[in-house]
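Participant: My questions all concern the structure below.
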Number of protein chains: 4
Amino acid sequence: MRNTAVLLIACPDNKGLVAAIANFLLKHNANILHADQHQDSAAGLFLMRVEWALEGFELGLHKFDESFGPIAVKHDMAWNLSLSSVRPRMAIFVSKLDHCLADLLYRHHAGELYCDIPLIISNHPDTHWLAEAYKIPFQHIPVSKENKQEAEAQQRALLEAHHVDFMVLARYMQVLSSGFIAHYLNRIINIHHSFLPAFHGAKPYQRAFDRGVKLIGATSHYVTEDLDDGPIIEQDVTRISHRDDLETLVQKGADLEKVVLSRAVRWHIDNRILVYGNKTVVFD
Amino acid sequence: MRNTAVLLIACPDNKGLVAAIANFLLKHNANILHADQHQDSAAGLFLMRVEWALEGFELGLHKFDESFGPIAVKHDMAWNLSLSSVRPRMAIFVSKLDHCLADLLYRHHAGELYCDIPLIISNHPDTHWLAEAYKIPFQHIPVSKENKQEAEAQQRALLEAHHVDFMVLARYMQVLSSGFIAHYLNRIINIHHSFLPAFHGAKPYQRAFDRGVKLIGATSHYVTEDLDDGPIIEQDVTRISHRDDLETLVQKGADLEKVVLSRAVRWHIDNRILVYGNKTVVFD
Amino acid sequence: MRNTAVLLIACPDNKGLVAAIANFLLKHNANILHADQHQDSAAGLFLMRVEWALEGFELGLHKFDESFGPIAVKHDMAWNLSLSSVRPRMAIFVSKLDHCLADLLYRHHAGELYCDIPLIISNHPDTHWLAEAYKIPFQHIPVSKENKQEAEAQQRALLEAHHVDFMVLARYMQVLSSGFIAHYLNRIINIHHSFLPAFHGAKPYQRAFDRGVKLIGATSHYVTEDLDDGPIIEQDVTRISHRDDLETLVQKGADLEKVVLSRAVRWHIDNRILVYGNKTVVFD
Amino acid sequence: MRNTAVLLIACPDNKGLVAAIANFLLKHNANILHADQHQDSAAGLFLMRVEWALEGFELGLHKFDESFGPIAVKHDMAWNLSLSSVRPRMAIFVSKLDHCLADLLYRHHAGELYCDIPLIISNHPDTHWLAEAYKIPFQHIPVSKENKQEAEAQQRALLEAHHVDFMVLARYMQVLSSGFIAHYLNRIINIHHSFLPAFHGAKPYQRAFDRGVKLIGATSHYVTEDLDDGPIIEQDVTRISHRDDLETLVQKGADLEKVVLSRAVRWHIDNRILVYGNKTVVFD
């Protein structure tokens, strides 16, 4: 059913880029389904996402690189080709709080997330039952100060063994090492329970409550070495009032976290996100 | 400062459309600033908006028609070229309620609406002072059952004399004739004080209050013969509660009306709206 | 932990009502935790919700009726007392679409909904696995034109056998009989997948798509004999654009339905909703 | 038309508070129109707003203090009585940006803000024309490093001469001295063009743009010595995307600022705001 190719491109802005890409696709008889582009005039960048039907496309995909390569070189393009028929493989990291995990598993079951989930990794056994209900393999890897390095080695071995393409930290309460993050650059999606950059760091709901804000938020972002400072993918907020104590605030926030994280995951799977600098373009 | 051309295109969807347009623009050395397209797969339609810098563009605009015509004919395109340097001429129709008028005049003054306002027409004298404050000519044309036809004739004569391109009904309480509407098809923008199609027709706030809805809305749309049924350009809503009586509900609604109407007007001026069937695409 | 009493009152507005209630509570040494009141001046009604701690309250609840009765009679009050320590018993009706069911079950598991769920009733077996995952009894009662009456009799017998207090129609696709509805007046909560009164009736998403609206909505309401016309409890909307086809529109709508329905259910459980006429007051 | 009294109360939470207040009002034959209360259980505080009709109220207001005083003393209440018939006197401070000023003046004209505006003070002459259009006195007081103290003395003299009750900083770009702020504690309302505490300080739009946030916000708050750290009255946000450059972001933000500031001003005028600690309760 899904049988399309998606090409993401970023390059210095220049005349003739759209024509070059459109002509290349036309030459191979592509039927373009969606195309969206963005020029960041401040950065002098051209960013594009184009999706076409593979039915009738006359270039074998194994030859795409060879065929598109010269165009990419000429225009200094960074590019990435993906096929919508290929389900990317997503691992979910979780601790004790299970609302984001439950939400992702339900959406996966409902067909909203076109991916495989070969693996849930948790430092606690609490969510095992959810994994079982949705028939997803679950690995309990306790993490402590002492075993942190080993635990991470074990996690990475599992990720490789299961050919994981990207990871979601669904309220995973452990910090990953720089090496881990570097290896999966722009492939680890986190949910932070505040409207970043506000309440960056620990206990954002408590701090929001103490500050007396009138809205609380949630932010999904790619994980970088700087905690909570990675490229933002999506944010949303909800209204609170003086009637909300910390408990109802946390509850309202949980609803936000679920929605904001699941949007980011879906967009990542659908190859809608281009990271440039510390920002993202999300092609809708 | 604003020196770009905008081309809006609608045609049957087909391979090679993007390439045809991109090649045409490249051939004349256009520097594309924004391009956005949409395929309505249900309707089999291709819709596009492309904007390019005129600096360096090597085709004289007086020759655009001749030069682009054959491409348009080949692909059965409906198209429209506009220049961002040309301020369209907007007339505002208003009755007694002045919040939308005041908002449009302020935005025009602030540079948010790149248009000229040669004329405000009202069936009441009440808003004359506002027109004066913003130095916009004001015409008081009373309308009654008896003089409806004459009044409209007078209005149309004024619109022509002032070379008006499009009109905004800023809570204008009179119904326009079919002939008037047909003459200015997709060039009359109305604001309706409900979330259409809910509370279509008279007294939407009262009916919203009586029904006990939890949100109220506003809708801007192009005027067609079927009252409140024209193509929707923009909508928004705001939350109300049992604490809102009809008066505060009307007040909250007024804020919505201003924002929703002004967005529609700005998008119309910036040639971002394509009407097809009874729907709109708003290229953002 | 939860050990409070909630009193909901509706009566003709008059002087001395707050004093009468406050004095009654003070006399029995009640520690008021929340009190909220509303006067509908158009209807001449006084509506109040007051919640107090039972610890230290010196009136035995079995004597509440006797003790409060004279005050209620004097002021012509309709009133209802409930205890937050008592979990109301909720039945969920569902058909094939499972997103609202999954959401309610997860929230119940997470402690957001302080109720018991003795029963899920469905006219299809599809959601049995979800009921099992959350360990909730599931009854499959097929419904057809022929067996409609019997099926309903079977449903009602089950509801009585399980001492069900209220029901949630979580996208249940069958219409209930007048008798059924009358028996459970203001105790059946439905979710309609549009912003009522817009797209009242069948296929609201399709009709929203065809009309070209810019926002879609969901509405939870108490079920009355007039389909989709009962007192509205909660509504919300989300933005869509021309990029949304019917499928993504349905998907975005599902997220709304879950949130809007779960809010209504929580408020019902917490005795926050007062129905009067065809409206609700939701005390927050 | 408006002929009510509003009593705001804050005191340690205790049994019998509602009864004490209700009985006091009943004794003097008050017809309560709205009453709302809030208990902050963490802080052990009781906060209340009660509004009653003065028609039929049998206690002369000159005797209110004497009559209510003993109750207030007994319960250690901080309280404030105000009359809705008395228009508070508001001064507006503005610099060059005029969108908030224009919005406030229009709302005042439209009857949304029940106050008098004896004075607009600006450090630039640019908005003089707006003041004239709405017939409000305008004082141009240039401010520089050198004359800062004198300028403030001049401002304060004007405020006193005009019996100003509270001030609105409608994008006023000068910092006020501690003495000034202390004198008008909780009587100076500022609008900050970010979702505080994010982008606290200078150039919030630029920094929001650079950080790549997906929503921008505005915050109205009472001014305290700590810049941008005073009690928050209201906040709101709007969605932006990669398509927004700094200019459109500023434009979208301006719409937020207007709405957020005007709500705060209206609530202040209607005596709906209780400041406690560094937070506010806004009784709706």
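Chain identifiers are assigned as A, B, and so on, following the order in which chains appear in the structure tokens; residues are numbered from 1 within each chain, and ligands are numbered from 1 in order of appearance.
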List every residue of chain D that has an atom at most 10 Å from any atom of chain B, giving for each one its closest atom pair and the distance in Å to one decimal, counting only C-alpha atoms, sorted by chain and then by ascending residue number, as JSON lines.
Facilitator:
```
{"residue": "D:His34", "atom": "CA", "partner": "B:Arg243", "partner_atom": "CA", "distance": 9.5}
{"residue": "D:Leu97", "atom": "CA", "partner": "B:Ala110", "partner_atom": "CA", "distance": 9.5}
{"residue": "D:Asp98", "atom": "CA", "partner": "B:Ala110", "partner_atom": "CA", "distance": 8.5}
{"residue": "D:His99", "atom": "CA", "partner": "B:Ala110", "partner_atom": "CA", "distance": 8.0}
{"residue": "D:Ala102", "atom": "CA", "partner": "B:Tyr106", "partner_atom": "CA", "distance": 7.5}
{"residue": "D:Asp103", "atom": "CA", "partner": "B:Asp103", "partner_atom": "CA", "distance": 8.3}
{"residue": "D:Tyr106", "atom": "CA", "partner": "B:Ala102", "partner_atom": "CA", "distance": 7.5}
{"residue": "D:Arg107", "atom": "CA", "partner": "B:His99", "partner_atom": "CA", "distance": 8.7}
{"residue": "D:Ala110", "atom": "CA", "partner": "B:His99", "partner_atom": "CA", "distance": 8.0}
{"residue": "D:Glu112", "atom": "CA", "partner": "B:Gln251", "partner_atom": "CA", "distance": 7.8}
{"residue": "D:Trp129", "atom": "CA", "partner": "B:Ala133", "partner_atom": "CA", "distance": 8.1}
{"residue": "D:Leu130", "atom": "CA", "partner": "B:Ala133", "partner_atom": "CA", "distance": 7.8}
{"residue": "D:Glu132", "atom": "CA", "partner": "B:Ala133", "partner_atom": "CA", "distance": 8.5}
{"residue": "D:Ala133", "atom": "CA", "partner": "B:Ala133", "partner_atom": "CA", "distance": 5.5}
{"residue": "D:Tyr134", "atom": "CA", "partner": "B:Ala133", "partner_atom": "CA", "distance": 8.6}
{"residue": "D:Ser241", "atom": "CA", "partner": "B:Asp284", "partner_atom": "CA", "distance": 9.6}
{"residue": "D:Arg243", "atom": "CA", "partner": "B:Asp284", "partner_atom": "CA", "distance": 7.4}
{"residue": "D:Asp244", "atom": "CA", "partner": "B:Asp284", "partner_atom": "CA", "distance": 9.2}
{"residue": "D:Thr248", "atom": "CA", "partner": "B:Glu112", "partner_atom": "CA", "distance": 9.4}
{"residue": "D:Gln251", "atom": "CA", "partner": "B:Glu112", "partner_atom": "CA", "distance": 7.8}
{"residue": "D:Asp255", "atom": "CA", "partner": "B:Val259", "partner_atom": "CA", "distance": 8.0}
{"residue": "D:Val259", "atom": "CA", "partner": "B:Asp255", "partner_atom": "CA", "distance": 8.0}
{"residue": "D:Asp284", "atom": "CA", "partner": "B:Arg243", "partner_atom": "CA", "distance": 7.4}
```
Participant: Keeping only N, CA and C atoms, take the residues you just selected and write them out as a JSON list (two decimals), in the first residue's frame.
Facilitator:
```json
[["chain", "number", "residue", "atom", "x", "y", "z"],
["D", 34, "HIS", "N", -21.91, 36.87, 42.77],
["D", 34, "HIS", "CA", -20.86, 35.91, 42.45],
["D", 34, "HIS", "C", -20.05, 35.69, 43.72],
["D", 97, "LEU", "N", 6.61, 51.39, 19.96],
["D", 97, "LEU", "CA", 5.70, 50.35, 19.48],
["D", 97, "LEU", "C", 4.30, 50.63, 19.99],
["D", 98, "ASP", "N", 3.34, 50.68, 19.08],
["D", 98, "ASP", "CA", 2.04, 51.20, 19.49],
["D", 98, "ASP", "C", 0.91, 50.16, 19.48],
["D", 99, "HIS", "N", 1.20, 48.88, 19.22],
["D", 99, "HIS", "CA", 0.09, 47.93, 19.06],
["D", 99, "HIS", "C", -0.69, 47.73, 20.35],
["D", 102, "ALA", "N", -2.74, 50.96, 21.04],
["D", 102, "ALA", "CA", -3.92, 51.06, 20.16],
["D", 102, "ALA", "C", -5.00, 50.09, 20.61],
["D", 103, "ASP", "N", -4.59, 48.93, 21.02],
["D", 103, "ASP", "CA", -5.56, 47.92, 21.45],
["D", 103, "ASP", "C", -6.27, 48.35, 22.73],
["D", 106, "TYR", "N", -8.68, 51.22, 21.98],
["D", 106, "TYR", "CA", -9.91, 50.78, 21.32],
["D", 106, "TYR", "C", -10.83, 50.08, 22.32],
["D", 107, "ARG", "N", -10.27, 49.19, 23.13],
["D", 107, "ARG", "CA", -11.11, 48.45, 24.09],
["D", 107, "ARG", "C", -11.76, 49.40, 25.10],
["D", 110, "ALA", "N", -14.55, 50.94, 23.42],
["D", 110, "ALA", "CA", -15.65, 50.00, 23.18],
["D", 110, "ALA", "C", -16.37, 49.59, 24.45],
["D", 112, "GLU", "N", -15.02, 47.88, 26.97],
["D", 112, "GLU", "CA", -14.53, 46.64, 27.56],
["D", 112, "GLU", "C", -13.74, 46.87, 28.84],
["D", 129, "TRP", "N", -0.62, 60.87, 17.96],
["D", 129, "TRP", "CA", -1.79, 60.90, 17.09],
["D", 129, "TRP", "C", -2.88, 59.93, 17.59],
["D", 130, "LEU", "N", -2.46, 58.77, 18.10],
["D", 130, "LEU", "CA", -3.42, 57.79, 18.60],
["D", 130, "LEU", "C", -4.15, 58.33, 19.82],
["D", 132, "GLU", "N", -4.65, 61.35, 20.47],
["D", 132, "GLU", "CA", -5.59, 62.38, 19.99],
["D", 132, "GLU", "C", -6.85, 61.78, 19.41],
["D", 133, "ALA", "N", -6.69, 60.72, 18.63],
["D", 133, "ALA", "CA", -7.87, 60.10, 18.02],
["D", 133, "ALA", "C", -8.85, 59.64, 19.08],
["D", 134, "TYR", "N", -8.31, 59.13, 20.19],
["D", 134, "TYR", "CA", -9.19, 58.64, 21.26],
["D", 134, "TYR", "C", -9.39, 59.69, 22.36],
["D", 241, "SER", "N", 6.13, 28.19, 12.81],
["D", 241, "SER", "CA", 6.79, 27.09, 12.11],
["D", 241, "SER", "C", 8.07, 27.61, 11.47],
["D", 243, "ARG", "N", 8.47, 28.27, 8.62],
["D", 243, "ARG", "CA", 8.15, 29.27, 7.60],
["D", 243, "ARG", "C", 8.15, 30.68, 8.17],
["D", 244, "ASP", "N", 8.08, 30.80, 9.50],
["D", 244, "ASP", "CA", 8.08, 32.14, 10.09],
["D", 244, "ASP", "C", 9.49, 32.66, 10.23],
["D", 248, "THR", "N", 7.66, 37.80, 10.76],
["D", 248, "THR", "CA", 6.29, 37.29, 10.97],
["D", 248, "THR", "C", 6.12, 36.81, 12.41],
["D", 251, "GLN", "N", 5.24, 39.71, 14.37],
["D", 251, "GLN", "CA", 3.86, 40.09, 14.06],
["D", 251, "GLN", "C", 2.85, 39.18, 14.78],
["D", 255, "ASP", "N", 0.04, 40.11, 18.25],
["D", 255, "ASP", "CA", -1.36, 39.74, 18.49],
["D", 255, "ASP", "C", -1.55, 39.10, 19.87],
["D", 259, "VAL", "N", -3.75, 40.64, 23.35],
["D", 259, "VAL", "CA", -4.79, 39.87, 24.03],
["D", 259, "VAL", "C", -4.42, 39.60, 25.48],
["D", 284, "ASP", "N", -12.38, 33.87, 38.13],
["D", 284, "ASP", "CA", -13.15, 34.09, 36.90],
["D", 284, "ASP", "C", -14.63, 33.93, 37.18]]
```
Participant: How would you write, as a ChimeraX atom specification, the set of residues in stretch 95-241 of chain B that DSSP gives as strand (DSSP E or B)?
Facilitator: /B:116-122,138-140,166-169,188-192,215-222,232-239
Participant: Export N, CA and C atoms of the chosen residues as a short mmCIF file (atom, residue, chain, number, x, y, z; two decimals), in the first residue's frame?
Facilitator:
```cif
data_model
loop_
_atom_site.label_atom_id
_atom_site.label_comp_id
_atom_site.auth_asym_id
_atom_site.auth_seq_id
_atom_site.Cartn_x
_atom_site.Cartn_y
_atom_site.Cartn_z
N ASP B 116 -3.90 49.24 -0.31
CA ASP B 116 -4.47 50.57 -0.15
C ASP B 116 -5.93 50.43 0.24
N ILE B 117 -6.41 51.38 1.04
CA ILE B 117 -7.83 51.38 1.40
C ILE B 117 -8.43 52.68 0.90
N PRO B 118 -8.92 52.69 -0.33
CA PRO B 118 -9.44 53.94 -0.89
C PRO B 118 -10.80 54.31 -0.31
N LEU B 119 -11.44 53.38 0.46
CA LEU B 119 -12.85 53.59 0.71
C LEU B 119 -13.38 52.72 1.84
N ILE B 120 -14.08 53.37 2.76
CA ILE B 120 -14.94 52.64 3.71
C ILE B 120 -16.37 53.00 3.38
N ILE B 121 -17.22 51.99 3.26
CA ILE B 121 -18.63 52.24 2.98
C ILE B 121 -19.44 51.72 4.15
N SER B 122 -20.33 52.57 4.64
CA SER B 122 -21.16 52.13 5.77
C SER B 122 -22.60 52.57 5.60
N PHE B 138 -14.51 57.98 3.81
CA PHE B 138 -15.66 57.28 4.38
C PHE B 138 -16.91 57.69 3.64
N GLN B 139 -17.68 56.70 3.19
CA GLN B 139 -18.94 57.00 2.50
C GLN B 139 -20.11 56.43 3.26
N HIS B 140 -21.02 57.30 3.63
CA HIS B 140 -22.23 56.84 4.31
C HIS B 140 -23.34 56.64 3.29
N PHE B 166 -10.80 44.22 -4.07
CA PHE B 166 -11.57 43.27 -3.26
C PHE B 166 -12.18 43.98 -2.06
N MET B 167 -13.14 43.32 -1.47
CA MET B 167 -13.91 43.94 -0.39
C MET B 167 -13.90 43.10 0.86
N VAL B 168 -13.97 43.77 1.98
CA VAL B 168 -14.10 43.06 3.26
C VAL B 168 -15.39 43.50 3.94
N LEU B 169 -16.20 42.54 4.31
CA LEU B 169 -17.41 42.84 5.08
C LEU B 169 -17.07 42.69 6.56
N ILE B 188 -14.87 38.93 -2.19
CA ILE B 188 -15.55 39.52 -1.03
C ILE B 188 -15.32 38.59 0.16
N ILE B 189 -14.67 39.14 1.19
CA ILE B 189 -14.38 38.34 2.38
C ILE B 189 -15.32 38.75 3.50
N ASN B 190 -15.99 37.78 4.09
CA ASN B 190 -16.91 38.04 5.19
C ASN B 190 -16.38 37.41 6.47
N ILE B 191 -16.81 37.96 7.59
CA ILE B 191 -16.55 37.31 8.89
C ILE B 191 -17.90 36.91 9.48
N HIS B 192 -18.03 35.63 9.80
CA HIS B 192 -19.25 35.16 10.46
C HIS B 192 -18.91 34.81 11.89
N LEU B 215 -17.16 26.03 23.58
CA LEU B 215 -16.23 26.85 22.80
C LEU B 215 -17.08 27.69 21.84
N ILE B 216 -16.66 28.91 21.58
CA ILE B 216 -17.31 29.67 20.50
C ILE B 216 -16.29 29.94 19.42
N GLY B 217 -16.75 30.26 18.22
CA GLY B 217 -15.84 30.40 17.10
C GLY B 217 -16.16 31.55 16.19
N ALA B 218 -15.28 31.74 15.22
CA ALA B 218 -15.50 32.72 14.16
C ALA B 218 -14.94 32.13 12.87
N THR B 219 -15.54 32.54 11.76
CA THR B 219 -15.19 31.98 10.46
C THR B 219 -15.09 33.09 9.42
N SER B 220 -13.98 33.16 8.71
CA SER B 220 -13.93 34.06 7.56
C SER B 220 -14.05 33.24 6.29
N HIS B 221 -14.80 33.76 5.35
CA HIS B 221 -15.06 32.99 4.12
C HIS B 221 -15.33 33.94 2.97
N TYR B 222 -15.16 33.43 1.76
CA TYR B 222 -15.58 34.20 0.59
C TYR B 222 -17.09 34.14 0.50
N ILE B 232 -14.49 28.44 3.07
CA ILE B 232 -13.93 28.90 4.34
C ILE B 232 -12.44 29.20 4.18
N ILE B 233 -12.03 30.36 4.65
CA ILE B 233 -10.61 30.74 4.59
C ILE B 233 -9.92 30.44 5.92
N GLU B 234 -10.58 30.81 7.01
CA GLU B 234 -9.95 30.61 8.31
C GLU B 234 -11.02 30.52 9.39
N GLN B 235 -10.70 29.77 10.44
CA GLN B 235 -11.59 29.64 11.59
C GLN B 235 -10.75 29.58 12.85
N ASP B 236 -11.33 30.01 13.93
CA ASP B 236 -10.69 29.79 15.22
C ASP B 236 -11.76 29.78 16.30
N VAL B 237 -11.39 29.29 17.46
CA VAL B 237 -12.34 29.17 18.57
C VAL B 237 -11.70 29.65 19.86
N THR B 238 -12.53 29.90 20.84
CA THR B 238 -12.03 30.21 22.18
C THR B 238 -12.95 29.55 23.20
N ARG B 239 -12.40 29.25 24.34
CA ARG B 239 -13.14 28.53 25.38
C ARG B 239 -14.06 29.47 26.15
#
```
Participant: Which residues, written as a PyMOL selection string, have at least one atom at most 10 Å from stretch 36-51 of chain B, with only C-alpha atoms counted and residues fewer than 5 positions away on the same chain left out?
Facilitator: (chain A and resi 32-38) or (chain B and resi 4-14+17-18+21-22+25+30-31+77-84+271-277+281-284) or (chain C and resi 242-246)
Participant: Could you check how far atom CA of B:Gln154 sits from atom CA of B:Gly230, in Å to one decimal?
Facilitator: 25.0 Å
Participant: Which residues come within 9 Å of A:Leu101, counting only C-alpha atoms, excluding same-chain residues fewer than 4 positions away, as a list in words?
Facilitator: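 The contact residues come out as Ile92, Phe93, Val94, Leu97, Leu105, Tyr106, Thr127, Leu130, Ala131, Ala170, Arg171 and Lys258 of chain A.
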